[in-house]
>>> print(open('final.tsv').read())   # TSV, C-alpha atoms
chain	number	residue	atom	x	y	z
A	1	MET	CA	313.14	-17.30	24.10
A	2	PHE	CA	313.93	-13.98	25.76
A	3	GLY	CA	314.27	-12.22	22.48
A	4	GLY	CA	310.93	-13.17	20.99
A	5	PHE	CA	307.33	-13.68	21.94
A	6	LEU	CA	306.38	-17.06	23.33
A	7	VAL	CA	305.60	-19.97	21.06
A	8	PHE	CA	301.85	-19.86	20.86
A	9	ALA	CA	299.36	-22.53	21.87
A	10	SER	CA	295.61	-22.97	22.26
A	11	TYR	CA	295.70	-21.39	25.68
A	12	PRO	CA	292.18	-19.93	26.11
A	13	HIS	CA	290.40	-23.19	25.31
A	14	THR	CA	292.17	-25.29	27.92
A	15	MET	CA	292.53	-22.84	30.74
A	16	ASN	CA	288.85	-22.72	31.59
A	17	LYS	CA	288.95	-26.33	32.78
A	18	ASP	CA	290.33	-25.29	36.15
A	19	ASN	CA	288.89	-22.08	37.57
A	20	THR	CA	291.22	-22.17	40.58
A	21	LEU	CA	294.30	-22.42	38.38
A	22	HIS	CA	292.89	-19.70	36.14
A	23	THR	CA	292.47	-17.37	39.14
A	24	ILE	CA	295.95	-18.10	40.55
A	25	MET	CA	297.63	-17.45	37.22
A	26	LYS	CA	295.63	-14.27	36.68
A	27	ILE	CA	296.49	-12.86	40.12
A	28	THR	CA	300.17	-13.82	39.75
A	29	MET	CA	300.49	-12.29	36.29
A	30	PHE	CA	298.75	-9.02	37.14
A	31	SER	CA	300.72	-8.75	40.40
A	32	GLU	CA	303.99	-9.22	38.56
A	33	VAL	CA	303.06	-6.62	35.95
A	34	SER	CA	301.88	-3.99	38.46
A	35	VAL	CA	304.90	-4.45	40.77
A	36	GLY	CA	307.29	-4.31	37.80
A	37	ILE	CA	305.68	-1.16	36.39
A	38	SER	CA	305.97	0.58	39.79
A	39	ALA	CA	309.62	-0.43	40.30
A	40	ASN	CA	310.73	0.51	36.79
A	41	SER	CA	308.92	3.84	37.05
A	42	ILE	CA	310.81	4.68	40.26
A	43	LEU	CA	314.14	3.63	38.74
A	44	PHE	CA	313.47	5.52	35.51
A	45	PHE	CA	312.49	8.83	37.11
A	46	ALA	CA	315.26	8.67	39.74
A	47	HIS	CA	318.02	8.14	37.17
A	48	LEU	CA	316.43	10.62	34.76
A	49	CYS	CA	316.62	13.30	37.48
A	50	MET	CA	320.27	12.39	38.11
A	51	LEU	CA	320.96	12.51	34.37
A	52	LEU	CA	319.35	15.93	33.94
A	53	GLY	CA	320.88	17.33	37.14
A	54	GLU	CA	324.51	16.59	36.23
A	55	ASN	CA	326.76	19.01	34.36
A	56	ARG	CA	328.44	16.06	32.66
A	57	PRO	CA	325.87	13.23	32.44
A	58	LYS	CA	327.29	9.81	33.23
A	59	PRO	CA	326.72	7.14	30.54
A	60	PHE	CA	325.83	4.64	33.28
A	61	HIS	CA	322.72	6.67	34.19
A	62	LEU	CA	321.79	6.89	30.50
A	63	TYR	CA	321.91	3.09	30.15
A	64	ILE	CA	319.83	2.58	33.29
A	65	VAL	CA	317.25	5.07	31.99
A	66	SER	CA	317.10	3.22	28.65
A	67	LEU	CA	316.83	-0.21	30.29
A	68	SER	CA	314.15	0.83	32.81
A	69	LEU	CA	312.09	2.64	30.15
A	70	THR	CA	312.23	-0.39	27.84
A	71	GLN	CA	311.18	-2.72	30.67
A	72	LEU	CA	308.42	-0.31	31.73
A	73	ILE	CA	306.84	-0.25	28.26
A	74	LEU	CA	307.34	-4.03	27.95
A	75	LEU	CA	305.36	-4.67	31.14
A	76	ILE	CA	302.62	-2.26	30.07
A	77	THR	CA	302.18	-4.13	26.78
A	78	MET	CA	302.24	-7.44	28.68
A	79	GLY	CA	299.52	-6.08	30.97
A	80	LEU	CA	297.34	-5.30	27.95
A	81	ILE	CA	297.96	-8.79	26.54
A	82	ALA	CA	297.10	-10.34	29.93
A	83	VAL	CA	293.83	-8.38	30.01
A	84	ASP	CA	292.85	-9.96	26.69
A	85	MET	CA	293.93	-13.39	27.94
A	86	PHE	CA	291.88	-13.38	31.15
A	87	MET	CA	289.08	-10.86	30.66
A	88	SER	CA	286.34	-10.52	28.07
A	89	TRP	CA	286.38	-6.79	27.37
A	90	GLY	CA	285.45	-7.00	23.72
A	91	ARG	CA	287.42	-8.31	20.78
A	92	TRP	CA	290.32	-6.50	19.12
A	93	ASP	CA	290.60	-6.37	15.35
A	94	SER	CA	293.74	-7.27	13.41
A	95	THR	CA	295.45	-3.86	13.67
A	96	PRO	CA	295.66	-3.70	17.51
A	97	CYS	CA	296.68	-7.38	17.60
A	98	GLN	CA	299.50	-6.91	15.11
A	99	SER	CA	300.72	-3.68	16.69
A	100	LEU	CA	300.69	-4.95	20.27
A	101	ILE	CA	302.29	-8.36	19.63
A	102	TYR	CA	304.90	-6.81	17.33
A	103	LEU	CA	305.72	-4.10	19.92
A	104	HIS	CA	305.93	-6.70	22.69
A	105	ARG	CA	308.34	-8.85	20.71
A	106	LEU	CA	310.53	-5.85	19.88
A	107	LEU	CA	310.66	-4.73	23.52
A	108	ARG	CA	311.72	-8.18	24.72
A	109	GLY	CA	314.56	-8.06	22.21
A	110	PHE	CA	315.48	-4.50	23.23
A	111	THR	CA	315.62	-5.58	26.89
A	112	LEU	CA	318.11	-8.32	26.06
A	113	CYS	CA	320.19	-5.88	23.98
A	114	ALA	CA	320.18	-3.20	26.70
A	115	ALA	CA	321.20	-5.70	29.41
A	116	CYS	CA	323.99	-7.08	27.21
A	117	LEU	CA	325.36	-3.67	26.25
A	118	LEU	CA	325.26	-2.49	29.87
A	119	ASN	CA	327.57	-5.41	30.70
A	120	VAL	CA	329.89	-4.53	27.82
A	121	PHE	CA	329.97	-0.83	28.75
A	122	TRP	CA	330.87	-1.59	32.37
A	123	MET	CA	333.54	-4.06	31.26
A	124	ILE	CA	335.16	-1.31	29.15
A	125	THR	CA	334.82	1.19	32.00
A	126	LEU	CA	336.62	-1.12	34.45
A	127	SER	CA	339.34	-2.23	32.05
A	128	PRO	CA	342.86	-1.19	33.21
A	129	ARG	CA	345.02	1.16	31.15
A	130	SER	CA	347.22	-1.71	30.05
A	131	SER	CA	344.23	-3.53	28.55
A	132	CYS	CA	343.43	-3.41	24.85
A	133	LEU	CA	339.92	-2.22	25.80
A	134	SER	CA	341.22	1.01	27.35
A	135	LYS	CA	341.34	2.75	23.96
A	136	PHE	CA	337.54	2.40	23.72
A	137	LYS	CA	336.86	4.11	27.07
A	138	HIS	CA	336.32	7.64	25.79
A	139	ASN	CA	334.23	6.60	22.79
A	140	SER	CA	332.47	3.60	24.32
A	141	PRO	CA	329.11	5.40	24.88
A	142	HIS	CA	328.98	6.37	21.18
A	143	HIS	CA	330.00	2.90	19.99
A	144	ILE	CA	327.55	1.13	22.29
A	145	SER	CA	324.71	3.51	21.37
A	146	GLY	CA	325.41	2.79	17.71
A	147	ALA	CA	325.45	-0.96	18.40
A	148	PHE	CA	322.14	-0.68	20.26
A	149	LEU	CA	320.51	1.17	17.34
A	150	PHE	CA	321.88	-1.42	14.90
A	151	LEU	CA	320.48	-4.30	16.99
A	152	CYS	CA	317.12	-2.51	17.28
A	153	VAL	CA	316.87	-2.21	13.49
A	154	LEU	CA	317.86	-5.88	13.21
A	155	TYR	CA	315.12	-6.92	15.65
A	156	MET	CA	312.55	-4.81	13.82
A	157	SER	CA	313.37	-6.49	10.51
A	158	PHE	CA	313.39	-10.02	11.96
A	159	SER	CA	310.03	-9.47	13.69
A	160	SER	CA	308.31	-7.84	10.72
A	161	HIS	CA	306.62	-11.13	9.73
A	162	LEU	CA	304.31	-10.71	12.74
A	163	LEU	CA	302.66	-7.76	11.02
A	164	VAL	CA	301.18	-10.18	8.49
A	165	SER	CA	301.10	-13.41	10.56
A	166	ILE	CA	298.99	-12.07	13.46
A	167	ILE	CA	295.25	-11.71	12.80
A	168	ALA	CA	292.10	-11.23	14.82
A	169	THR	CA	290.79	-14.58	16.12
A	170	PRO	CA	288.00	-15.77	13.78
A	171	ASN	CA	284.58	-16.58	15.22
A	172	LEU	CA	284.71	-20.17	13.99
A	173	THR	CA	286.56	-22.86	15.97
A	174	SER	CA	289.53	-24.21	14.05
A	175	ASN	CA	292.69	-26.13	14.82
A	176	ILE	CA	294.55	-24.38	12.00
A	177	PHE	CA	295.12	-21.14	13.91
A	178	MET	CA	297.47	-20.88	16.88
A	179	TYR	CA	295.84	-18.78	19.56
A	180	VAL	CA	297.80	-16.01	21.28
A	181	THR	CA	294.97	-14.40	23.28
A	182	GLN	CA	291.19	-14.37	23.05
A	183	SER	CA	291.38	-11.72	20.32
A	184	CYS	CA	294.61	-12.56	18.51
A	185	SER	CA	295.74	-15.62	16.57
A	186	LEU	CA	298.83	-16.60	14.62
A	187	LEU	CA	298.52	-17.84	11.07
A	188	PRO	CA	300.25	-21.18	10.46
A	189	MET	CA	303.71	-21.01	8.86
A	190	SER	CA	305.50	-23.59	6.77
A	191	TYR	CA	308.13	-25.78	8.39
A	192	SER	CA	310.94	-24.05	6.49
A	193	ARG	CA	309.85	-20.56	7.60
A	194	THR	CA	309.42	-21.71	11.20
A	195	SER	CA	312.87	-23.31	11.19
A	196	THR	CA	314.44	-20.20	9.66
A	197	PHE	CA	312.94	-17.85	12.26
A	198	SER	CA	313.73	-20.21	15.15
A	199	THR	CA	317.34	-20.63	14.03
A	200	THR	CA	317.78	-16.87	13.59
A	201	ILE	CA	316.41	-16.16	17.07
A	202	ALA	CA	318.58	-18.89	18.61
A	203	ILE	CA	321.77	-17.56	16.97
A	204	ARG	CA	320.97	-13.98	17.93
A	205	GLU	CA	320.27	-14.82	21.56
A	206	ALA	CA	323.29	-17.15	21.81
A	207	PHE	CA	325.54	-14.33	20.56
A	208	LEU	CA	324.19	-11.74	23.03
A	209	ILE	CA	324.21	-14.11	26.01
A	210	SER	CA	327.75	-15.24	25.15
A	211	LEU	CA	328.80	-11.59	25.06
A	212	MET	CA	327.21	-11.07	28.48
A	213	ALA	CA	328.98	-14.14	29.84
A	214	LEU	CA	332.38	-13.04	28.50
A	215	SER	CA	332.05	-9.52	29.90
A	216	SER	CA	330.89	-10.91	33.24
A	217	GLY	CA	333.86	-13.29	33.34
A	218	PHE	CA	336.19	-10.35	32.63
A	219	MET	CA	334.66	-8.36	35.51
A	220	VAL	CA	334.93	-11.32	37.89
A	221	THR	CA	338.64	-11.56	37.01
A	222	LEU	CA	339.12	-7.84	37.71
A	223	LEU	CA	337.36	-8.12	41.08
A	224	TRP	CA	339.51	-11.10	42.04
A	225	ARG	CA	342.70	-9.24	41.10
A	226	HIS	CA	341.57	-6.16	43.03
A	227	LYS	CA	340.90	-8.27	46.10
A	228	LYS	CA	344.31	-9.93	45.84
A	229	GLN	CA	346.02	-6.53	45.59
A	230	ALA	CA	344.11	-5.26	48.62
A	231	GLN	CA	345.14	-8.31	50.67
A	232	HIS	CA	348.74	-7.97	49.52
A	233	LEU	CA	348.92	-4.31	50.55
A	234	HIS	CA	347.08	-4.99	53.84
A	235	SER	CA	344.98	-1.89	53.20
A	236	THR	CA	341.94	-1.76	55.46
A	237	SER	CA	340.44	1.09	53.46
A	238	LEU	CA	340.40	-1.00	50.31
A	239	SER	CA	339.25	-4.24	51.88
A	240	SER	CA	336.63	-3.02	54.33
A	241	LYS	CA	334.78	-0.56	52.13
A	242	ALA	CA	333.84	-1.34	48.55
A	243	SER	CA	334.22	1.43	45.96
A	244	PRO	CA	331.21	2.55	43.86
A	245	GLU	CA	332.76	0.76	40.87
A	246	ARG	CA	333.00	-2.52	42.77
A	247	ARG	CA	329.41	-2.20	44.04
A	248	ALA	CA	328.15	-1.51	40.52
A	249	THR	CA	330.15	-4.48	39.20
A	250	ARG	CA	328.63	-6.78	41.83
A	251	THR	CA	325.16	-5.49	40.91
A	252	ILE	CA	325.67	-6.22	37.21
A	253	LEU	CA	327.11	-9.66	37.96
A	254	LEU	CA	324.14	-10.44	40.20
A	255	LEU	CA	321.75	-9.39	37.43
A	256	MET	CA	323.67	-11.49	34.91
A	257	SER	CA	323.42	-14.57	37.16
A	258	PHE	CA	319.71	-13.94	37.69
A	259	PHE	CA	319.20	-13.53	33.93
A	260	VAL	CA	320.91	-16.86	33.17
A	261	VAL	CA	318.88	-18.72	35.82
A	262	LEU	CA	315.62	-17.31	34.39
A	263	TYR	CA	316.69	-18.12	30.84
A	264	ILE	CA	317.36	-21.76	31.76
A	265	LEU	CA	314.09	-21.97	33.73
A	266	GLU	CA	312.11	-20.53	30.82
A	267	ASN	CA	313.59	-23.10	28.46
A	268	VAL	CA	312.72	-25.91	30.90
A	269	VAL	CA	309.10	-24.67	31.03
A	270	PHE	CA	309.02	-24.31	27.23
A	271	TYR	CA	310.14	-27.91	26.60
A	272	SER	CA	307.71	-29.11	29.26
A	273	ARG	CA	304.94	-27.45	27.27
A	274	MET	CA	306.09	-29.20	24.13
A	275	LYS	CA	306.23	-32.58	25.90
A	276	PHE	CA	302.89	-32.49	27.74
A	277	LYS	CA	301.00	-30.84	24.84
A	278	ASP	CA	298.20	-29.48	27.09
A	279	GLY	CA	300.21	-26.37	27.81
A	280	SER	CA	297.69	-24.05	29.46
A	281	MET	CA	299.46	-23.93	32.83
A	282	PHE	CA	302.95	-24.02	31.29
A	283	TYR	CA	301.95	-21.21	28.92
A	284	CYS	CA	301.15	-18.90	31.84
A	285	VAL	CA	304.19	-20.01	33.85
A	286	GLN	CA	306.42	-19.30	30.87
A	287	ILE	CA	304.98	-15.80	30.50
A	288	ILE	CA	305.50	-15.11	34.22
A	289	VAL	CA	309.10	-16.41	34.17
A	290	SER	CA	309.99	-14.56	30.96
A	291	HIS	CA	308.96	-11.21	32.52
A	292	SER	CA	310.49	-11.82	35.95
A	293	TYR	CA	313.77	-10.15	34.98
A	294	ALA	CA	311.96	-6.94	33.97
A	295	THR	CA	310.13	-6.98	37.32
A	296	ILE	CA	312.96	-7.85	39.70
A	297	SER	CA	316.00	-6.15	38.11
A	298	PRO	CA	314.94	-2.59	39.11
A	299	PHE	CA	314.74	-3.71	42.76
A	300	VAL	CA	318.36	-4.94	42.51
A	301	PHE	CA	319.48	-1.51	41.26
A	302	ILE	CA	317.40	0.33	43.86
A	303	CYS	CA	318.63	-1.77	46.80
A	304	THR	CA	322.32	-1.72	45.82
A	305	GLU	CA	322.63	2.00	45.04
A	306	LYS	CA	323.09	4.06	48.21
A	307	HIS	CA	321.78	7.33	46.75
A	308	MET	CA	318.61	5.53	45.61
A	309	THR	CA	317.96	4.13	49.09
A	310	LYS	CA	318.57	7.57	50.62
A	311	ILE	CA	316.08	9.19	48.23
A	312	LEU	CA	313.43	6.54	48.95
A	313	ARG	CA	313.96	6.83	52.73
A	314	SER	CA	313.57	10.60	52.63
A	315	VAL	CA	310.41	10.31	50.52
A	316	CYS	CA	308.94	7.69	52.89
A	317	THR	CA	309.80	9.86	55.91
A	318	ARG	CA	308.04	12.86	54.37
A	319	ILE	CA	304.97	10.78	53.58
A	320	ILE	CA	304.84	9.41	57.15
A	321	ASN	CA	305.24	12.91	58.63
A	322	ILE	CA	302.38	14.17	56.48
>>> encode(input="final.tsv", output="structure tokens")
Amino acid sequence: MFGGFLVFASYPHTMNKDNTLHTIMKITMFSEVSVGISANSILFFAHLCMLLGENRPKPFHLYIVSLSLTQLILLITMGLIAVDMFMSWGRWDSTPCQSLIYLHRLLRGFTLCAACLLNVFWMITLSPRSSCLSKFKHNSPHHISGAFLFLCVLYMSFSSHLLVSIIATPNLTSNIFMYVTQSCSLLPMSYSRTSTFSTTIAIREAFLISLMALSSGFMVTLLWRHKKQAQHLHSTSLSSKASPERRATRTILLLMSFFVVLYILENVVFYSRMKFKDGSMFYCVQIIVSHSYATISPFVFICTEKHMTKILRSVCTRIINI
């Protein structure tokens, strides 16, 4: 579900039954989008300045810049989709519908790829010299960048059917079309095509999430060994103060855990929609849950990186003094 756009339903026709629910969902969705855009903007520009200011740019900063930029554009496109879901600002024609939904689907896939490859990169970075992964350390940024580009091309090809399946919502009322927003609808697909696309998405996401889980398990093992060594040596310097590598590892593991919880929750909401049929509320809840990672993950990076907190404190102090 994280890699593709949500399974569509006749959302606009059922949501108007409850104005209070409509208002709550609208406020929640726009709040999530605006907070996420602000947080990702701060994270993007902060790490971009670090990247440009270093003589030898660190790959870690490059990955954070890529992830935050992808999530920033994702939330902007989601904001535009939410505007068409909740507000009547005129109808879009087929071209904006196809472009926006296709871009949104790609960006959700890119976010999953970027998060997965960040885990893999940090696993290779932390691997000891005796490990078989150590030989990839020097070339890991190039290999991972190539893998990211390959996955991007793969996502673009798998999502290309949206360019012909998404159309502007016709004026007539029909149960044939699956409504995405007030302006955009999805043409019906045959059972075989639907099964093919669903199976492809499931395999792709299972592979990436399994890769994230394996790399996270490897990092947990390294942290446990490091802690055991510190206790064995009775070194207060190692045990009392965590190194930057250990802090970054804990951050990535926290994000991985958060990602898995959201993935499970989104699937629970999705199957609830399928069971109760009238999925207006579940449709909105699923959208909110599916974009929570893009909104909250930059706060995790900002709060766990000391240089980021120092920069934000100095900026806030200057603003207060002014």
>>> atom_distance(input="final.tsv", atom1="CA of Leu100 (chain A)", atom2="CA of Val261 (chain A)")
27.6 Å
>>> atom_distance(input="final.tsv", atom1="CA of Thr169 (chain A)", atom2="CA of Gln182 (chain A)")
6.9 Å
>>> atom_distance(input="final.tsv", atom1="CA of Ser216 (chain A)", atom2="CA of Ile144 (chain A)")
16.6 Å
>>> closest_residue(input="final.tsv", among="A:Thr70, A:Ser272, A:Ser159, A:Ser34", to="Ser99 (chain A)", atoms="all atoms listed in the file")
A:Ser159
>>> residues_around(input="final.tsv", residues="region 284-300 of chain A", least_positions_apart="3", cutoff="8 Å", atoms="only C-alpha atoms", output="PyMOL selection string")
chain A and resi 2+6+25+28-29+32-33+35-37+39-40+43+68+71-72+75+251+255+258-259+262-263+265-266+269-270+280-281+303-304
>>> closest_residue(input="final.tsv", among="A:Ser157, A:Asn119, A:Ile167, A:Ser131", to="Ser257 (chain A)", atoms="only C-alpha atoms")
A:Asn119
>>> closest_residue(input="final.tsv", among="A:Leu74, A:Ser185, A:Val268, A:Cys116", to="Arg204 (chain A)", atoms="only C-alpha atoms")
A:Cys116
>>> residues_around(input="final.tsv", residues="Cys97 (chain A)", least_positions_apart="6", cutoff="8 Å", atoms="all atoms listed in the file", output="list in words")
Ile166, Ile167, Ala168, Ser183 and Cys184 of chain A
>>> closest_residue(input="final.tsv", among="A:Met87, A:Leu208, A:Leu52, A:Leu103", to="Leu117 (chain A)", atoms="only C-alpha atoms")
A:Leu208
>>> decode(input="final.tsv", residues="region 189-218 of chain A", atoms="N, CA and C atoms", output="PDB file, in the first residue's frame")
ATOM      1  N   MET A 189     -10.872  -1.733 -14.530  1.00  0.00           N
ATOM      2  CA  MET A 189      -9.920  -2.661 -15.145  1.00  0.00           C
ATOM      3  C   MET A 189     -10.447  -4.076 -14.999  1.00  0.00           C
ATOM      4  N   SER A 190     -10.007  -4.927 -15.867  1.00  0.00           N
ATOM      5  CA  SER A 190     -10.404  -6.338 -15.798  1.00  0.00           C
ATOM      6  C   SER A 190      -9.798  -6.985 -14.555  1.00  0.00           C
ATOM      7  N   TYR A 191     -10.376  -8.108 -14.163  1.00  0.00           N
ATOM      8  CA  TYR A 191      -9.894  -8.809 -12.969  1.00  0.00           C
ATOM      9  C   TYR A 191      -8.446  -9.257 -13.123  1.00  0.00           C
ATOM     10  N   SER A 192      -8.093  -9.696 -14.319  1.00  0.00           N
ATOM     11  CA  SER A 192      -6.720 -10.176 -14.547  1.00  0.00           C
ATOM     12  C   SER A 192      -5.711  -9.040 -14.431  1.00  0.00           C
ATOM     13  N   ARG A 193      -6.042  -7.869 -15.002  1.00  0.00           N
ATOM     14  CA  ARG A 193      -5.127  -6.723 -14.902  1.00  0.00           C
ATOM     15  C   ARG A 193      -5.012  -6.247 -13.464  1.00  0.00           C
ATOM     16  N   THR A 194      -6.140  -6.193 -12.757  1.00  0.00           N
ATOM     17  CA  THR A 194      -6.112  -5.774 -11.352  1.00  0.00           C
ATOM     18  C   THR A 194      -5.270  -6.720 -10.514  1.00  0.00           C
ATOM     19  N   SER A 195      -5.432  -8.021 -10.734  1.00  0.00           N
ATOM     20  CA  SER A 195      -4.656  -9.013  -9.999  1.00  0.00           C
ATOM     21  C   SER A 195      -3.170  -8.905 -10.312  1.00  0.00           C
ATOM     22  N   THR A 196      -2.848  -8.655 -11.575  1.00  0.00           N
ATOM     23  CA  THR A 196      -1.440  -8.528 -11.980  1.00  0.00           C
ATOM     24  C   THR A 196      -0.779  -7.344 -11.294  1.00  0.00           C
ATOM     25  N   PHE A 197      -1.452  -6.177 -11.324  1.00  0.00           N
ATOM     26  CA  PHE A 197      -0.882  -4.985 -10.710  1.00  0.00           C
ATOM     27  C   PHE A 197      -0.790  -5.136  -9.190  1.00  0.00           C
ATOM     28  N   SER A 198      -1.811  -5.717  -8.588  1.00  0.00           N
ATOM     29  CA  SER A 198      -1.803  -5.898  -7.130  1.00  0.00           C
ATOM     30  C   SER A 198      -0.693  -6.842  -6.698  1.00  0.00           C
ATOM     31  N   THR A 199      -0.514  -7.932  -7.443  1.00  0.00           N
ATOM     32  CA  THR A 199       0.541  -8.897  -7.121  1.00  0.00           C
ATOM     33  C   THR A 199       1.921  -8.274  -7.284  1.00  0.00           C
ATOM     34  N   THR A 200       2.095  -7.492  -8.349  1.00  0.00           N
ATOM     35  CA  THR A 200       3.386  -6.832  -8.596  1.00  0.00           C
ATOM     36  C   THR A 200       3.724  -5.865  -7.473  1.00  0.00           C
ATOM     37  N   ILE A 201       2.745  -5.061  -7.058  1.00  0.00           N
ATOM     38  CA  ILE A 201       2.965  -4.106  -5.975  1.00  0.00           C
ATOM     39  C   ILE A 201       3.281  -4.832  -4.674  1.00  0.00           C
ATOM     40  N   ALA A 202       2.546  -5.918  -4.401  1.00  0.00           N
ATOM     41  CA  ALA A 202       2.764  -6.669  -3.159  1.00  0.00           C
ATOM     42  C   ALA A 202       4.171  -7.274  -3.116  1.00  0.00           C
ATOM     43  N   ILE A 203       4.623  -7.853  -4.225  1.00  0.00           N
ATOM     44  CA  ILE A 203       5.967  -8.447  -4.282  1.00  0.00           C
ATOM     45  C   ILE A 203       7.031  -7.375  -4.114  1.00  0.00           C
ATOM     46  N   ARG A 204       6.848  -6.263  -4.802  1.00  0.00           N
ATOM     47  CA  ARG A 204       7.819  -5.168  -4.735  1.00  0.00           C
ATOM     48  C   ARG A 204       7.950  -4.623  -3.324  1.00  0.00           C
ATOM     49  N   GLU A 205       6.821  -4.381  -2.668  1.00  0.00           N
ATOM     50  CA  GLU A 205       6.854  -3.833  -1.317  1.00  0.00           C
ATOM     51  C   GLU A 205       7.371  -4.856  -0.314  1.00  0.00           C
ATOM     52  N   ALA A 206       7.016  -6.132  -0.498  1.00  0.00           N
ATOM     53  CA  ALA A 206       7.509  -7.180   0.402  1.00  0.00           C
ATOM     54  C   ALA A 206       9.026  -7.289   0.316  1.00  0.00           C
ATOM     55  N   PHE A 207       9.574  -7.153  -0.894  1.00  0.00           N
ATOM     56  CA  PHE A 207      11.033  -7.217  -1.069  1.00  0.00           C
ATOM     57  C   PHE A 207      11.721  -6.056  -0.357  1.00  0.00           C
ATOM     58  N   LEU A 208      11.224  -4.829  -0.563  1.00  0.00           N
ATOM     59  CA  LEU A 208      11.859  -3.649   0.038  1.00  0.00           C
ATOM     60  C   LEU A 208      11.733  -3.651   1.559  1.00  0.00           C
ATOM     61  N   ILE A 209      10.562  -4.024   2.066  1.00  0.00           N
ATOM     62  CA  ILE A 209      10.366  -4.048   3.518  1.00  0.00           C
ATOM     63  C   ILE A 209      11.195  -5.166   4.155  1.00  0.00           C
ATOM     64  N   SER A 210      11.334  -6.298   3.471  1.00  0.00           N
ATOM     65  CA  SER A 210      12.189  -7.373   3.979  1.00  0.00           C
ATOM     66  C   SER A 210      13.643  -6.920   4.038  1.00  0.00           C
ATOM     67  N   LEU A 211      14.061  -6.157   3.023  1.00  0.00           N
ATOM     68  CA  LEU A 211      15.423  -5.626   3.005  1.00  0.00           C
ATOM     69  C   LEU A 211      15.645  -4.658   4.166  1.00  0.00           C
ATOM     70  N   MET A 212      14.636  -3.825   4.438  1.00  0.00           N
ATOM     71  CA  MET A 212      14.710  -2.913   5.576  1.00  0.00           C
ATOM     72  C   MET A 212      14.786  -3.681   6.887  1.00  0.00           C
ATOM     73  N   ALA A 213      13.996  -4.732   7.000  1.00  0.00           N
ATOM     74  CA  ALA A 213      13.983  -5.526   8.233  1.00  0.00           C
ATOM     75  C   ALA A 213      15.318  -6.225   8.455  1.00  0.00           C
ATOM     76  N   LEU A 214      15.906  -6.782   7.386  1.00  0.00           N
ATOM     77  CA  LEU A 214      17.194  -7.467   7.507  1.00  0.00           C
ATOM     78  C   LEU A 214      18.302  -6.505   7.905  1.00  0.00           C
ATOM     79  N   SER A 215      18.335  -5.341   7.261  1.00  0.00           N
ATOM     80  CA  SER A 215      19.365  -4.352   7.598  1.00  0.00           C
ATOM     81  C   SER A 215      19.179  -3.829   9.016  1.00  0.00           C
ATOM     82  N   SER A 216      17.938  -3.657   9.445  1.00  0.00           N
ATOM     83  CA  SER A 216      17.673  -3.214  10.811  1.00  0.00           C
ATOM     84  C   SER A 216      18.108  -4.274  11.820  1.00  0.00           C
ATOM     85  N   GLY A 217      17.817  -5.545  11.511  1.00  0.00           N
ATOM     86  CA  GLY A 217      18.263  -6.624  12.386  1.00  0.00           C
ATOM     87  C   GLY A 217      19.776  -6.681  12.508  1.00  0.00           C
ATOM     88  N   PHE A 218      20.468  -6.440  11.392  1.00  0.00           N
ATOM     89  CA  PHE A 218      21.934  -6.411  11.398  1.00  0.00           C
ATOM     90  C   PHE A 218      22.441  -5.282  12.297  1.00  0.00           C
TER      91      PHE A 218
END
